[in-house]
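The file coords-v3.pdb comes next; it holds PDB, C-alpha atoms.
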ATOM      1  CA  MET A   1     -17.188  19.002   1.421
ATOM      2  CA  ASP A   2     -13.502  18.906   0.655
ATOM      3  CA  LEU A   3     -12.314  17.985  -2.841
ATOM      4  CA  LEU A   4     -10.801  14.637  -1.818
ATOM      5  CA  THR A   5     -14.091  13.478  -0.323
ATOM      6  CA  HIS A   6     -16.014  14.629  -3.397
ATOM      7  CA  VAL A   7     -13.747  12.614  -5.673
ATOM      8  CA  LEU A   8     -13.697   9.530  -3.443
ATOM      9  CA  VAL A   9     -17.475   9.418  -2.996
ATOM     10  CA  ALA A  10     -17.932   9.796  -6.768
ATOM     11  CA  TYR A  11     -15.464   6.927  -7.241
ATOM     12  CA  LEU A  12     -17.475   4.748  -4.847
ATOM     13  CA  VAL A  13     -20.782   5.663  -6.505
ATOM     14  CA  THR A  14     -19.307   4.785  -9.893
ATOM     15  CA  PHE A  15     -18.051   1.467  -8.541
ATOM     16  CA  GLY A  16     -21.555   0.731  -7.299
ATOM     17  CA  LEU A  17     -22.945   1.386 -10.784
ATOM     18  CA  VAL A  18     -20.450  -0.357 -13.066
ATOM     19  CA  GLY A  19     -18.036  -2.265 -10.843
ATOM     20  CA  PRO A  20     -14.221  -2.291 -11.127
ATOM     21  CA  GLN A  21     -13.856  -0.892 -14.636
ATOM     22  CA  PRO A  22     -10.922   1.549 -14.506
ATOM     23  CA  GLN A  23     -11.942   3.860 -17.356
ATOM     24  CA  TYR A  24     -15.399   4.473 -15.892
ATOM     25  CA  LEU A  25     -14.070   4.788 -12.336
ATOM     26  CA  ALA A  26     -11.649   7.470 -13.523
ATOM     27  CA  ALA A  27     -14.401   9.342 -15.388
ATOM     28  CA  GLY A  28     -16.832   9.195 -12.476
ATOM     29  CA  ALA A  29     -14.211  10.309  -9.969
ATOM     30  CA  LEU A  30     -13.161  13.181 -12.233
ATOM     31  CA  ALA A  31     -16.778  14.307 -12.569
ATOM     32  CA  GLY A  32     -17.040  14.255  -8.786
ATOM     33  CA  GLY A  33     -14.424  16.992  -8.566
ATOM     34  CA  LEU A  34     -15.192  19.058 -11.673
ATOM     35  CA  PRO A  35     -17.999  21.238 -10.207
ATOM     36  CA  ASP A  36     -15.385  22.944  -8.031
ATOM     37  CA  ALA A  37     -13.524  23.993 -11.162
ATOM     38  CA  ASP A  38     -15.848  27.011 -11.041
ATOM     39  CA  ALA A  39     -13.160  28.566  -8.861
ATOM     40  CA  LEU A  40     -11.337  29.215 -12.152
ATOM     41  CA  PHE A  41     -14.178  31.533 -13.179
ATOM     42  CA  PHE A  42     -13.437  33.917 -10.311
ATOM     43  CA  PRO A  43     -12.048  36.728 -12.528
ATOM     44  CA  ILE A  44     -15.294  36.941 -14.531
ATOM     45  CA  ALA A  45     -17.809  35.765 -11.913
ATOM     46  CA  ARG A  46     -18.583  39.324 -10.827
ATOM     47  CA  ARG A  47     -19.667  40.196 -14.332
ATOM     48  CA  PHE A  48     -21.462  36.889 -14.871
ATOM     49  CA  PRO A  49     -22.790  35.842 -11.409
ATOM     50  CA  ILE A  50     -24.062  32.522 -12.725
ATOM     51  CA  LEU A  51     -20.400  31.429 -12.933
ATOM     52  CA  ARG A  52     -19.740  32.115  -9.241
ATOM     53  CA  HIS A  53     -18.588  29.369  -6.892
ATOM     54  CA  HIS A  54     -21.561  27.129  -6.117
ATOM     55  CA  GLY A  55     -23.267  28.515  -9.196
ATOM     56  CA  ILE A  56     -24.201  26.840 -12.470
ATOM     57  CA  THR A  57     -21.637  24.034 -12.140
ATOM     58  CA  HIS A  58     -23.426  22.967  -8.957
ATOM     59  CA  SER A  59     -26.761  22.556 -10.726
ATOM     60  CA  ILE A  60     -28.394  19.599 -12.474
ATOM     61  CA  LEU A  61     -28.040  21.368 -15.807
ATOM     62  CA  GLY A  62     -24.366  22.168 -15.245
ATOM     63  CA  VAL A  63     -23.594  18.602 -14.211
ATOM     64  CA  SER A  64     -25.478  17.256 -17.234
ATOM     65  CA  VAL A  65     -23.560  19.496 -19.640
ATOM     66  CA  ILE A  66     -20.267  18.272 -18.174
ATOM     67  CA  ALA A  67     -21.429  14.654 -18.387
ATOM     68  CA  GLY A  68     -22.545  15.162 -21.984
ATOM     69  CA  ALA A  69     -19.203  16.619 -22.978
ATOM     70  CA  GLY A  70     -17.441  13.778 -21.167
ATOM     71  CA  SER A  71     -19.482  11.148 -22.984
ATOM     72  CA  ILE A  72     -18.192  12.563 -26.267
ATOM     73  CA  LEU A  73     -14.571  13.149 -25.293
ATOM     74  CA  ALA A  74     -13.853  10.216 -22.989
ATOM     75  CA  PRO A  75     -14.211   7.454 -25.662
ATOM     76  CA  LEU A  76     -11.589   9.290 -27.707
ATOM     77  CA  VAL A  77      -9.115   8.768 -24.864
ATOM     78  CA  LEU A  78     -10.144   5.450 -23.312
ATOM     79  CA  PRO A  79     -12.324   2.657 -24.718
ATOM     80  CA  GLY A  80     -15.872   2.685 -23.454
ATOM     81  CA  VAL A  81     -19.528   3.184 -24.270
ATOM     82  CA  PRO A  82     -20.646   6.847 -24.510
ATOM     83  CA  TRP A  83     -23.898   6.372 -22.587
ATOM     84  CA  VAL A  84     -22.052   4.618 -19.747
ATOM     85  CA  TYR A  85     -19.585   7.506 -19.566
ATOM     86  CA  PHE A  86     -22.546   9.872 -19.390
ATOM     87  CA  LEU A  87     -24.170   7.796 -16.638
ATOM     88  CA  VAL A  88     -21.115   7.653 -14.374
ATOM     89  CA  MET A  89     -20.178  11.311 -14.898
ATOM     90  CA  GLU A  90     -23.746  12.410 -14.240
ATOM     91  CA  ALA A  91     -23.815  10.329 -11.065
ATOM     92  CA  GLY A  92     -20.417  11.639  -9.937
ATOM     93  CA  GLY A  93     -21.431  15.257 -10.539
ATOM     94  CA  LEU A  94     -24.785  14.868  -8.789
ATOM     95  CA  ALA A  95     -23.022  13.222  -5.849
ATOM     96  CA  HIS A  96     -20.910  16.385  -5.568
ATOM     97  CA  VAL A  97     -23.984  18.633  -5.624
ATOM     98  CA  LEU A  98     -25.784  16.525  -3.019
ATOM     99  CA  GLN A  99     -22.767  16.488  -0.703
ATOM    100  CA  ASP A 100     -22.503  20.277  -0.820
ATOM    101  CA  ALA A 101     -26.255  20.577  -0.226
ATOM    102  CA  PHE A 102     -25.752  18.254   2.764
ATOM    103  CA  THR A 103     -23.691  21.003   4.436
ATOM    104  CA  ASN A 104     -24.377  24.663   5.201
ATOM    105  CA  PHE A 105     -22.853  25.622   1.818
ATOM    106  CA  SER A 106     -26.053  25.917  -0.173
ATOM    107  CA  VAL A 107     -26.269  25.039  -3.873
ATOM    108  CA  PRO A 108     -28.798  26.072  -6.556
ATOM    109  CA  PRO A 109     -29.726  22.707  -8.135
ATOM    110  CA  LEU A 110     -32.269  24.232 -10.549
ATOM    111  CA  LEU A 111     -30.152  27.013 -12.048
ATOM    112  CA  PRO A 112     -30.647  28.780 -14.438
ATOM    113  CA  PHE A 113     -34.400  28.216 -14.091
ATOM    114  CA  SER A 114     -34.566  28.956 -10.364
ATOM    115  CA  GLU A 115     -32.268  30.647  -7.842
ATOM    116  CA  ARG A 116     -33.736  28.611  -5.003
ATOM    117  CA  ARG A 117     -30.929  27.171  -2.923
ATOM    118  CA  LEU A 118     -30.687  23.907  -1.028
ATOM    119  CA  ALA A 119     -28.788  23.408   2.244
ATOM    120  CA  LEU A 120     -29.561  20.737   4.831
ATOM    121  CA  ASP A 121     -27.057  21.979   7.457
ATOM    122  CA  ALA A 122     -26.340  18.334   8.266
ATOM    123  CA  ASP A 123     -22.540  18.557   8.087
ATOM    124  CA  ARG A 124     -19.678  21.007   8.056
ATOM    125  CA  ALA A 125     -18.346  22.339   4.779
ATOM    126  CA  ILE A 126     -14.902  20.955   5.639
ATOM    127  CA  ASN A 127     -14.922  18.048   8.059
ATOM    128  CA  PHE A 128     -11.594  16.647   9.167
ATOM    129  CA  VAL A 129     -13.122  13.187   9.744
ATOM    130  CA  THR A 130     -14.058  12.670   6.087
ATOM    131  CA  LEU A 131     -10.964  14.544   4.887
ATOM    132  CA  VAL A 132      -8.605  12.222   6.768
ATOM    133  CA  VAL A 133     -10.535   9.096   5.739
ATOM    134  CA  SER A 134     -10.476  10.203   2.095
ATOM    135  CA  ALA A 135      -6.763  10.977   2.145
ATOM    136  CA  VAL A 136      -5.959   7.588   3.694
ATOM    137  CA  ALA A 137      -8.301   5.854   1.241
ATOM    138  CA  PHE A 138      -6.540   7.326  -1.779
ATOM    139  CA  TYR A 139      -3.183   6.376  -0.325
ATOM    140  CA  LEU A 140      -4.386   2.786   0.054
ATOM    141  CA  LEU A 141      -6.207   2.469  -3.260
ATOM    142  CA  LEU A 142      -3.713   4.254  -5.489
ATOM    143  CA  GLY A 143      -0.490   3.674  -3.571
ATOM    144  CA  VAL A 144      -0.392   0.613  -1.369
ATOM    145  CA  GLU A 145      -2.915  -1.658  -3.114
ATOM    146  CA  ARG A 146      -2.781  -0.688  -6.793
ATOM    147  CA  ASN A 147      -1.532  -3.714  -8.787
ATOM    148  CA  ARG A 148       0.029  -5.103  -5.612
ATOM    149  CA  VAL A 149      -2.683  -7.025  -3.775
ATOM    150  CA  PRO A 150      -5.285  -9.678  -4.715
ATOM    151  CA  GLY A 151      -8.567  -8.359  -6.077
ATOM    152  CA  SER A 152     -10.360  -9.539  -2.955
ATOM    153  CA  VAL A 153      -8.317  -7.146  -0.812
ATOM    154  CA  TYR A 154      -9.143  -4.234  -3.103
ATOM    155  CA  LEU A 155     -12.837  -5.154  -3.043
ATOM    156  CA  PHE A 156     -12.789  -5.370   0.760
ATOM    157  CA  THR A 157     -11.301  -1.860   0.952
ATOM    158  CA  VAL A 158     -13.895  -0.443  -1.437
ATOM    159  CA  TYR A 159     -16.826  -2.065   0.372
ATOM    160  CA  LEU A 160     -15.459  -0.918   3.719
ATOM    161  CA  LEU A 161     -15.306   2.665   2.435
ATOM    162  CA  MET A 162     -18.839   2.371   1.067
ATOM    163  CA  ALA A 163     -20.057   1.185   4.470
ATOM    164  CA  PHE A 164     -18.234   3.999   6.242
ATOM    165  CA  PHE A 165     -19.704   6.785   4.126
ATOM    166  CA  ALA A 166     -23.177   5.242   4.155
ATOM    167  CA  ALA A 167     -23.050   5.091   7.960
ATOM    168  CA  TYR A 168     -21.522   8.562   8.242
ATOM    169  CA  PHE A 169     -24.162  10.261   6.088
ATOM    170  CA  ALA A 170     -26.936   8.300   7.812
ATOM    171  CA  ILE A 171     -25.780   9.388  11.277
ATOM    172  CA  ARG A 172     -25.463  13.016  10.187
ATOM    173  CA  LEU A 173     -28.899  12.999   8.577
ATOM    174  CA  ALA A 174     -30.517  11.252  11.548
ATOM    175  CA  GLY A 175     -28.972  13.829  13.866
ATOM    176  CA  ARG A 176     -30.200  16.725  11.740
ATOM    177  CA  ILE A 177     -33.738  15.369  11.615
ATOM    178  CA  SER A 178     -33.770  14.650  15.340
ATOM    179  CA  ILE A 179     -32.404  18.024  16.327
ATOM    180  CA  GLY A 180     -34.790  19.767  13.934
ATOM    181  CA  ARG A 181     -37.683  18.239  15.840
ATOM    182  CA  GLN A 182     -36.161  19.163  19.185
ATOM    183  CA  ILE A 183     -35.637  22.854  18.519
ATOM    184  CA  ARG A 184     -39.269  23.313  17.470
ATOM    185  CA  SER A 185     -40.105  23.095  21.178
ATOM    186  CA  ARG A 186     -37.181  25.333  22.205
ATOM    187  CA  PRO A 187     -38.003  28.898  21.137
ATOM    188  CA  GLU A 188     -34.650  30.160  22.430
ATOM    189  CA  PHE A 189     -32.907  28.371  19.537
ATOM    190  CA  ASP A 190     -33.405  28.960  15.838
ATOM    191  CA  HIS A 191     -30.235  27.687  14.175
ATOM    192  CA  VAL A 192     -28.259  24.432  14.044
ATOM    193  CA  VAL A 193     -24.480  24.151  13.629
ATOM    194  CA  PRO A 194     -22.850  20.718  13.147
ATOM    195  CA  THR A 195     -19.558  20.140  14.943
ATOM    196  CA  GLY A 196     -16.623  17.941  13.950
ATOM    197  CA  ASN A 197     -18.179  15.134  15.995
ATOM    198  CA  PRO A 198     -20.993  13.589  13.896
ATOM    199  CA  PHE A 199     -22.949  12.888  17.105
ATOM    200  CA  ALA A 200     -22.704  16.424  18.519
ATOM    201  CA  TRP A 201     -24.363  19.672  17.428
ATOM    202  CA  VAL A 202     -24.586  23.276  18.549
ATOM    203  CA  VAL A 203     -28.044  24.853  18.688
ATOM    204  CA  LEU A 204     -28.202  28.613  19.016
ATOM    205  CA  SER A 205     -29.767  31.946  18.238
ATOM    206  CA  GLU A 206     -28.268  35.379  17.766
ATOM    207  CA  ARG A 207     -30.059  38.667  18.216
ATOM    208  CA  VAL A 208     -28.735  42.133  17.429
ATOM    209  CA  GLU A 209     -30.683  45.096  18.784
ATOM    210  CA  ASN A 210     -30.097  48.375  20.578
ATOM    211  CA  GLY A 211     -26.415  48.271  19.672
ATOM    212  CA  ARG A 212     -25.827  44.892  21.347
ATOM    213  CA  SER A 213     -25.379  41.337  20.118
ATOM    214  CA  THR A 214     -26.777  38.478  22.188
ATOM    215  CA  THR A 215     -25.958  34.820  21.574
ATOM    216  CA  THR A 216     -27.756  31.906  23.215
ATOM    217  CA  TRP A 217     -26.486  28.381  22.614
ATOM    218  CA  GLY A 218     -26.543  24.830  23.823
ATOM    219  CA  ARG A 219     -24.876  21.524  23.009
ATOM    220  CA  TYR A 220     -26.971  18.670  21.633
ATOM    221  CA  VAL A 221     -25.829  15.037  21.467
ATOM    222  CA  LEU A 222     -27.647  12.500  19.305
ATOM    223  CA  GLY A 223     -29.494  10.070  21.548
ATOM    224  CA  LYS A 224     -29.062  12.225  24.671
ATOM    225  CA  GLY A 225     -30.700  15.501  23.756
ATOM    226  CA  LEU A 226     -29.546  18.869  25.092
ATOM    227  CA  VAL A 227     -26.613  18.109  27.407
ATOM    228  CA  GLU A 228     -25.417  21.663  27.989
ATOM    229  CA  GLY A 229     -27.109  25.039  28.015
ATOM    230  CA  PRO A 230     -28.849  27.201  27.225
ATOM    231  CA  LEU A 231     -25.898  29.537  27.778
ATOM    232  CA  MET A 232     -26.127  33.229  26.983
ATOM    233  CA  VAL A 233     -23.657  36.046  26.501
ATOM    234  CA  ASP A 234     -23.974  39.501  25.011
ATOM    235  CA  GLY A 235     -21.829  42.516  24.309
ATOM    236  CA  PRO A 236     -21.925  45.964  22.755
ATOM    237  CA  LEU A 237     -21.103  46.415  19.076
ATOM    238  CA  GLU A 238     -19.242  49.658  19.711
ATOM    239  CA  PRO A 239     -16.412  50.236  22.240
ATOM    240  CA  VAL A 240     -17.483  51.060  25.784
ATOM    241  CA  PRO A 241     -15.717  54.040  27.444
ATOM    242  CA  HIS A 242     -13.855  52.781  30.477
ATOM    243  CA  VAL A 243     -10.992  53.562  32.839
ATOM    244  CA  GLY A 244      -8.556  51.123  34.422
ATOM    245  CA  SER A 245      -8.983  47.353  34.427
ATOM    246  CA  PRO A 246     -12.196  45.294  34.491
ATOM    247  CA  ARG A 247     -13.539  44.428  37.917
ATOM    248  CA  SER A 248     -15.698  41.491  36.868
ATOM    249  CA  GLU A 249     -16.292  38.934  34.140
ATOM    250  CA  LYS A 250     -19.176  41.018  32.823
ATOM    251  CA  GLU A 251     -16.979  44.100  32.418
ATOM    252  CA  ALA A 252     -14.204  42.092  30.770
ATOM    253  CA  LEU A 253     -16.661  40.709  28.222
ATOM    254  CA  GLU A 254     -18.306  44.110  27.649
ATOM    255  CA  TRP A 255     -15.026  45.897  27.035
ATOM    256  CA  SER A 256     -13.443  43.139  24.940
ATOM    257  CA  TYR A 257     -16.297  42.290  22.573
ATOM    258  CA  PRO A 258     -15.960  45.239  20.160
ATOM    259  CA  LEU A 259     -12.190  44.715  20.093
ATOM    260  CA  ALA A 260     -12.614  41.024  19.219
ATOM    261  CA  ARG A 261     -15.080  41.787  16.419
ATOM    262  CA  LYS A 262     -12.692  44.341  14.963
ATOM    263  CA  ALA A 263      -9.702  42.004  15.213
ATOM    264  CA  SER A 264     -11.260  38.966  13.537
ATOM    265  CA  SER A 265     -13.609  38.595  10.590
ATOM    266  CA  VAL A 266     -14.304  35.073  11.871
ATOM    267  CA  ILE A 267     -15.769  36.443  15.093
ATOM    268  CA  GLU A 268     -17.683  39.119  13.247
ATOM    269  CA  GLY A 269     -18.999  36.759  10.562
ATOM    270  CA  THR A 270     -19.863  33.561  12.460
ATOM    271  CA  TYR A 271     -21.868  32.577  15.498
ATOM    272  CA  HIS A 272     -19.649  33.009  18.549
ATOM    273  CA  PHE A 273     -19.445  32.955  22.316
ATOM    274  CA  GLY A 274     -17.222  34.453  24.990
ATOM    275  CA  GLU A 275     -15.855  33.790  28.445
ATOM    276  CA  ALA A 276     -13.605  35.727  30.796
ATOM    277  CA  PHE A 277     -11.467  34.876  33.782
ATOM    278  CA  GLU A 278      -9.077  36.685  36.105
ATOM    279  CA  ASP A 279      -5.395  35.883  36.161
ATOM    280  CA  PRO A 280      -4.175  36.833  39.676
ATOM    281  CA  VAL A 281      -0.900  38.143  38.239
ATOM    282  CA  LYS A 282      -1.682  39.419  34.737
ATOM    283  CA  GLY A 283      -5.252  40.672  35.138
ATOM    284  CA  TRP A 284      -8.504  39.896  33.357
ATOM    285  CA  VAL A 285      -8.529  37.874  30.141
ATOM    286  CA  ALA A 286     -11.540  37.595  27.827
ATOM    287  CA  VAL A 287     -11.730  35.173  24.919
ATOM    288  CA  TRP A 288     -14.308  35.263  22.141
ATOM    289  CA  TYR A 289     -14.437  32.149  19.998
ATOM    290  CA  SER A 290     -16.354  30.914  16.977
ATOM    291  CA  LEU A 291     -18.980  28.221  17.466
ATOM    292  CA  GLU A 292     -18.589  27.238  13.804
ATOM    293  CA  PHE A 293     -14.825  27.261  13.103
ATOM    294  CA  THR A 294     -13.873  24.425  15.432
ATOM    295  CA  ALA A 295     -11.690  21.337  15.183
ATOM    296  CA  PHE A 296     -10.352  18.842  17.723
ATOM    297  CA  GLY A 297     -11.888  20.763  20.628
ATOM    298  CA  ARG A 298     -10.325  24.077  19.629
ATOM    299  CA  SER A 299     -11.930  27.082  18.045
ATOM    300  CA  SER A 300     -10.812  30.109  16.064
ATOM    301  CA  GLY A 301     -10.999  33.051  18.427
ATOM    302  CA  VAL A 302      -9.596  36.285  19.827
ATOM    303  CA  ARG A 303      -7.956  36.680  23.231
ATOM    304  CA  VAL A 304      -8.139  40.119  24.860
ATOM    305  CA  ARG A 305      -5.929  40.729  27.892
ATOM    306  CA  PHE A 306      -6.342  43.697  30.273
ATOM    307  CA  PRO A 307      -3.004  44.033  32.145
ATOM    308  CA  LYS A 308      -3.219  44.971  35.807
ATOM    309  CA  ASP A 309      -0.407  47.475  35.534
ATOM    310  CA  GLY A 310      -2.367  49.704  33.170
ATOM    311  CA  ALA A 311      -0.363  48.681  30.104
ATOM    312  CA  PRO A 312      -2.161  48.785  26.713
ATOM    313  CA  VAL A 313      -4.770  46.133  26.090
ATOM    314  CA  GLU A 314      -3.395  43.085  24.246
ATOM    315  CA  VAL A 315      -5.562  41.689  21.421
ATOM    316  CA  ARG A 316      -4.476  38.461  19.774
ATOM    317  CA  SER A 317      -6.120  36.049  17.329
ATOM    318  CA  THR A 318      -5.722  32.474  18.490
ATOM    319  CA  PHE A 319      -7.044  28.931  18.431
ATOM    320  CA  TYR A 320      -8.688  28.438  21.775
ATOM    321  CA  ARG A 321      -9.925  25.488  23.813
ATOM    322  CA  PRO A 322     -12.921  26.729  25.851
ATOM    323  CA  LEU A 323     -12.358  26.324  29.554
ATOM    324  CA  ARG A 324     -15.949  25.822  30.640
ATOM    325  CA  HIS A 325     -17.746  24.417  27.629
ATOM    326  CA  ALA A 326     -16.960  21.487  25.337
ATOM    327  CA  LEU A 327     -17.410  22.086  21.618
TER     328      LEU A 327
END

Please rewrite the model in this file as structure tokens.
Amino acid sequence: MDLLTHVLVAYLVTFGLVGPQPQYLAAGALAGGLPDADALFFPIARRFPILRHHGITHSILGVSVIAGAGSILAPLVLPGVPWVYFLVMEAGGLAHVLQDAFTNFSVPPLLPFSERRLALDADRAINFVTLVVSAVAFYLLLGVERNRVPGSVYLFTVYLLMAFFAAYFAIRLAGRISIGRQIRSRPEFDHVVPTGNPFAWVVLSERVENGRSTTTWGRYVLGKGLVEGPLMVDGPLEPVPHVGSPRSEKEALEWSYPLARKASSVIEGTYHFGEAFEDPVKGWVAVWYSLEFTAFGRSSGVRVRFPKDGAPVEVRSTFYRPLRHAL
């Protein structure tokens, strides 16, 4: 999850525990963002892997150490009870860990005692829905409403945000559970990818053998089941010797796939799909796009154009809206 959402959710959790007490709200919200301070350990994380991103600070022990330190230091800055500071900072930190575990960014909650990682794959690591809501919420709470509106208006805003996130997480979790049951009876799929739409998911599998990569995917909508697919595309990992321009969609995809993988680490490192079409004037165009890096109907991808006049092949990274399939 993005940092703004981590901090806001921790703020809301703290409010639920102690109500509108500013010093505790500030401490809880701060604790909700602190686990990501492990990014500062990057220079020494290679030598001490436990300090890597999503390492010890994203564990129960790490959160508890931070909360313990906060319970000692916070009363020196703002009046308050040490054990209450510990409670809200522990809750804020655990909320952060649980939100990351809710996505495909796994966390090791039992470090340093166990390396076992937890990831529910129920949401995207960065979701523009929650990011926008969180940004607007902070603008309202800290800008528009702070010391300017009756307490009832502030309370209405907080309760509305609580209801939104409760509903959002419930829908995501319900979708993940439902789709998990569905794919057990669909052997062609073995992986689930959440999209930006909390009601829509991509189910897929990827197989690499004999120098070729094959991707099979479908689109699942909560309450409707599989609404599109299974769709399949494959391509060679190494360039295919060829002369002239492609004569079919299959050739355009075959020739372009190695070029797209070489041009984009996103294509090489995420689940992806491809489609090709013929431009009557400019020749065949193939586009390979990520099934994971998507937003607002567009996807990170690579466009490969084979000019009709025999000019050099054009390879360009782009954000692409699939012509045939809705993400």

Checklist entry - What's the 10 Å shell around stretch 33-44 of chain A, counting all atoms listed in the file, without same-chain residues fewer than 6 positions away, as a PyMOL selection string? => result chain A and resi 2-10+50-59+62-63+66+89+92-97

Next on the checklist: as a ChimeraX atom specification, please: the residues near A:Val107 (cut-off 7 Å, only C-alpha atoms, same-chain neighbours under 6 positions excluded).
Outcome noted: /A:54,58,100-101,117-119

Listed atoms of stretch 246-257 of chain A boxed along x, y and z, 3 Å each side, centre and edge lengths in Å, one decimal, as JSON:
{"center_x": -15.7, "center_y": 42.4, "center_z": 30.2, "size_x": 13.0, "size_y": 13.0, "size_z": 21.3}

Item to check | Spatial sel., origin (-14.7, 8.7, -15.9), limit 9 Å, only C-alpha atoms, listed as a PyMOL selection string | outcome: chain A and resi 11+14+22-31+70-71+74+85-86+88-89+92

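Across the structure, atom CA of A:Leu253 and atom CA of A:Val240 are spaced 10.7 Å apart.
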
Item to check | A:Ala263, A:Leu17, A:Met1, A:Ala276 ranked by distance to A:Leu131, top pick (using all atoms listed in the file) | outcome: A:Met1

Checklist entry - What do you get, as a ChimeraX atom specification, if you spell out every residue that the PyMOL selection byres ((chain A and resi 221) around 9) selects here? => result /A:175,179,199-202,219-220,222-227

Checklist outcome for this item: note - atom CA of A:Val158 and atom CA of A:Val13 are separated by 10.5 Å

Checklist entry - In Å, with one decimal, what is the gap from atom CA of A:Pro112 to atom CA of A:Leu61? => result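 The value is 8.0 Å.
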
Next on the checklist: Would you pick out the contacts of A:Ala125 at 7 Å or less, using all atoms listed in the file, so that residues sharing its chain but fewer than 2 positions from it are not included, and give the list as a ChimeraX atom specification?
Outcome noted: /A:1,103-105,123,127

Next on the checklist: Evaluate the PyMOL selection byres ((chain A and resi 309) around 10) against this structure - the residues, as a ChimeraX atom specification, please.
Outcome noted: /A:244-245,281-283,306-308,310-312

Checklist entry - Which residue gives the smallest distance to A:Ala170 among A:Val193, A:Ala137, A:Val149, A:Ala122, with only C-alpha atoms counted? => result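 Comparing A:Val193, A:Ala137, A:Val149, A:Ala122 against A:Ala170, the winner is A:Ala122.
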
Item to check | Selection: 6 Å around stretch 182-192 of chain A, all atoms listed in the file, excl. self and same-chain fewer than 6 positions, as a count of residues only | outcome: 4

Next on the checklist: Which residues are near A:Arg303? Cut-off 8 Å, all atoms listed in the file, ignore same chain within fewer than 5 positions. Put them as JSON, numbers by chain.
Outcome noted: {"A": [260, 285, 286, 287, 288, 314, 315, 316, 317, 318]}

Item to check | Best match for closeness to A:Val304 among A:Phe273, A:Phe102, A:Trp83, A:Trp284, counting all atoms listed in the file | outcome: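 Closest to A:Val304, using all atoms listed in the file: A:Trp284.
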
Checklist entry - Which residue, A:His272, A:Arg124, A:Arg46, A:Arg247, has the smallest gap to A:Phe169 when you use only C-alpha atoms? => result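 Of the candidates, the smallest distance to A:Phe169 is held by A:Arg124.
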
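When the PyMOL selection byres ((chain A and resi 258) around 9) is evaluated against the file, it yields Gly235, Pro236, Leu237, Glu238, Pro239, Val240, Glu254, Trp255, Ser256, Tyr257, Leu259, Ala260, Arg261, Lys262 and Ala263 of chain A.
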
Please output stretch 172-185 of chain A, rebuilt to include N, CA and C atoms, as a PDB file, in the frame of the given file.
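That gives us rebuild-v6.pdb:
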ATOM      1  N   ARG A 172     -25.307  11.564  10.304  1.00  0.00           N
ATOM      2  CA  ARG A 172     -25.463  13.016  10.187  1.00  0.00           C
ATOM      3  C   ARG A 172     -26.918  13.393   9.887  1.00  0.00           C
ATOM      4  N   LEU A 173     -27.531  12.677   8.955  1.00  0.00           N
ATOM      5  CA  LEU A 173     -28.899  12.999   8.577  1.00  0.00           C
ATOM      6  C   LEU A 173     -29.871  12.708   9.724  1.00  0.00           C
ATOM      7  N   ALA A 174     -29.664  11.588  10.406  1.00  0.00           N
ATOM      8  CA  ALA A 174     -30.517  11.252  11.548  1.00  0.00           C
ATOM      9  C   ALA A 174     -30.402  12.316  12.636  1.00  0.00           C
ATOM     10  N   GLY A 175     -29.173  12.784  12.873  1.00  0.00           N
ATOM     11  CA  GLY A 175     -28.972  13.829  13.866  1.00  0.00           C
ATOM     12  C   GLY A 175     -29.670  15.122  13.484  1.00  0.00           C
ATOM     13  N   ARG A 176     -29.571  15.469  12.192  1.00  0.00           N
ATOM     14  CA  ARG A 176     -30.200  16.725  11.740  1.00  0.00           C
ATOM     15  C   ARG A 176     -31.714  16.668  11.854  1.00  0.00           C
ATOM     16  N   ILE A 177     -32.290  15.522  11.507  1.00  0.00           N
ATOM     17  CA  ILE A 177     -33.738  15.369  11.615  1.00  0.00           C
ATOM     18  C   ILE A 177     -34.174  15.416  13.073  1.00  0.00           C
ATOM     19  N   SER A 178     -33.432  14.694  13.923  1.00  0.00           N
ATOM     20  CA  SER A 178     -33.770  14.650  15.340  1.00  0.00           C
ATOM     21  C   SER A 178     -33.673  16.019  15.983  1.00  0.00           C
ATOM     22  N   ILE A 179     -32.590  16.722  15.706  1.00  0.00           N
ATOM     23  CA  ILE A 179     -32.404  18.024  16.327  1.00  0.00           C
ATOM     24  C   ILE A 179     -33.397  19.044  15.774  1.00  0.00           C
ATOM     25  N   GLY A 180     -33.778  18.883  14.498  1.00  0.00           N
ATOM     26  CA  GLY A 180     -34.790  19.767  13.934  1.00  0.00           C
ATOM     27  C   GLY A 180     -36.110  19.651  14.674  1.00  0.00           C
ATOM     28  N   ARG A 181     -36.461  18.447  15.061  1.00  0.00           N
ATOM     29  CA  ARG A 181     -37.683  18.239  15.840  1.00  0.00           C
ATOM     30  C   ARG A 181     -37.558  18.830  17.237  1.00  0.00           C
ATOM     31  N   GLN A 182     -36.373  18.686  17.819  1.00  0.00           N
ATOM     32  CA  GLN A 182     -36.161  19.163  19.185  1.00  0.00           C
ATOM     33  C   GLN A 182     -36.284  20.685  19.293  1.00  0.00           C
ATOM     34  N   ILE A 183     -35.681  21.399  18.354  1.00  0.00           N
ATOM     35  CA  ILE A 183     -35.637  22.854  18.519  1.00  0.00           C
ATOM     36  C   ILE A 183     -36.993  23.508  18.234  1.00  0.00           C
ATOM     37  N   ARG A 184     -37.931  22.749  17.657  1.00  0.00           N
ATOM     38  CA  ARG A 184     -39.269  23.313  17.470  1.00  0.00           C
ATOM     39  C   ARG A 184     -39.922  23.622  18.812  1.00  0.00           C
ATOM     40  N   SER A 185     -39.542  22.869  19.845  1.00  0.00           N
ATOM     41  CA  SER A 185     -40.105  23.095  21.178  1.00  0.00           C
ATOM     42  C   SER A 185     -39.196  23.953  22.051  1.00  0.00           C
TER      43      SER A 185
END
